[in-house]
Structures are given as structure tokens and as C-alpha cells.
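First comes the structure, then the notes that go with it.
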Amino acid sequence: MSQLEWAARVSHHAYTNLGGADYGVRWLELYELADEPQGAAGEFADLFPYTEDLEPGRHPFGAFYARRSVTMRIEPAILLRRLVQDFQMAGGTFVVRNFANLSEVLALRESTIFNCTGLGAAALFGDAELTPAKGQLVFLPPDPAVDYMTIGGGKGLLYMFPRTDVVLLDGTFKLGGYSMQPEPDETERIVTEHQRLFSRFG
Ligand SMILES: Cc1cc2nc3c(=O)[nH]c(=O)nc-3n(C[C@H](O)[C@H](O)[C@H](O)COP(=O)(O)OP(=O)(O)OC[C@H]3O[C@@H](n4cnc5c(N)ncnc54)[C@H](O)[C@@H]3O)c2cc1C
């Protein structure tokens, strides 16, 4: 836990310094919605400023209990492109290749190697503990008027993040799911539950 806390604080500090349109990092209000009052805030509560619990009637989301806070929203398409540019401007180069096994990795002449092969590490490093978690997204056309995020407010896991390119709806987390295929039932649930949530809005 102390390693995770250290990583969370280093990461929070780094992204705070990247705020702005150039890197696709922006502070936004987040509403966590639940049928019951929510318990005490979890770990790292101080990283979520302006946290306030709002009872039904004190927010626009109908009968839910809402926990409002302010947090960073990161747009991966902007951030990742920009990080690639920064790396190249600093003299870095990319070499795209496949590593069939560990000896091919160890044959590299570089003295420092970061293992960031994601799920590929399971085969490459014989990591039997590595478990995939499958998710899937629904993209709607962008709406600049939506300047807040929601989590919860319906059946199962749900969240809505506005981005400049899309409004993203999400809500699946399936441990052990290696399949890359979107599931139509999940798409249906994510859209229908968000429709129900936003039909109560206002
Ligand atoms: C639906 C969904 C939504 C998500 N939303 C968010 C979000 O909003 N915010 C967020 O922070 N995270 C989100 N995540 C999680 C995020 O995508 C991952 O945490 C992140 O991509 C992990 O990055 P990584 O670089 O560690 O691994 P990866 O992105 O998996 O990259 C690993 C790379 O290693 C390469 N590789 C693997 N094996 C080999 C090999 N043998 N030889 C050569 N190359 C190899 C792969 O091709 C790949 O390019 C989401 C994930 C999903 C599925």
C-alpha cells in the first residue's frame, strides 16, 4: 500500500504539472452517484479536492446521493501523441519489434530495460499471476456543454467522461476476460442505463 500511495502521489503531481489543452489534462467536476448515502472517502481523499456529499435535491441527478469532487480528466489521444513528440524532441527514438522470449529481451545491449509489455508479460516473463480485465467503451458525438463526469447511477458499473473528440460511456470490468470482442449486451446496458440516468436530469 505504501508503494501504491507513493506512486499515486508522484503521478498526481506529474499530471498536475501537465494541465491544459496541449497535454489533454483538465480539472473537472466528478459526481459519484449512489442509491444510499456514501461511506467515508477512501484512500488518497486529499487528492480529490472540494469533495462534498450532496443529498437528493441538492444536485441535478434526481433521487441519488451524490459525492461531488474535482479531479483530472485525461484525454489519451492528445496526451499520448504529445508524450511521443516530447520523447522525440528530447532525442529519443522508437524501434518497433517483437520479443519472442526472454533471451531476446536480455540480448538487448541497453543497460536499463523497463518491462511495460502489459498482458504480453504473462508469456514473456512467465508471470502466471497477471490477469486481464476486459472493458469496453461506447462513444457518442462530443458535446462541449458537458463539463463534468459521472460514475454510477444505474445497474452495474457505469461512467460518463466527456472528451473533446467524443462523450465516452463505459462500465465493464471483467476479470479474466482475454477476448477483444465487444459484447452487444454490455453495449445495450451501458447505453440504456445512461439514458435512464440522464432522463431524470434537471
Ligand atoms: C475499456 C478500457 C478503458 C480504459 N480506460 C482507461 C482510462 O480512462 N484511463 C486510464 O488511465 N486507463 C484506462 N484503461 C487502462 C489502460 O488502457 C491500461 O492501463 C494501459 O493501456 C496500460 O498501459 P501499458 O503501457 O502498461 O500496457 P499496454 O497498453 O497493454 O501496452 C503494452 C505494449 O506491449 C506490447 N507487447 C506485449 N508483448 C510484447 C512482446 N512480446 N514483444 C513486443 N511488444 C510486446 C504490446 O503490443 C503493447 O503495445 C482502460 C482499459 C480498458 C480496456
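We name chains A, B, ... following the order of the C-alpha cells; residues begin at 1 in each chain, and ligands are numbered from 1 as shown.
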Quiz item: So which residues are near ligand 1, meaning at most 9 Å away with only C-alpha atoms and all ligand atoms counted, given back as a PyMOL selection string?
Solution: chain A and resi 73-76+96-102+105+115-124+132-137+161+170-173
Self-check item: Selection: 10 Å around stretch 78-82 of chain A, only C-alpha atoms, excl. self and same-chain fewer than 5 positions, as a list of chain:residue names
Solution: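 Near stretch 78-82 of chain A, the qualifying residues are A:Leu18, A:Ala21, A:Asp22, A:Tyr23, A:Gly24, A:Val25, A:Phe87, A:Gln88, A:Thr164, A:Asp165.
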Exercise. Can you work out the spacing between atom CA of A:Val70 and atom CA of A:Glu32 in Å, to one decimal?
Key: 11.0 Å
Self-check item: Interatomic distance, atom CA of A:Gly176 to atom CA of A:Ile190 (Å, one decimal)
Solution: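 Those two atoms sit 20.4 Å apart.
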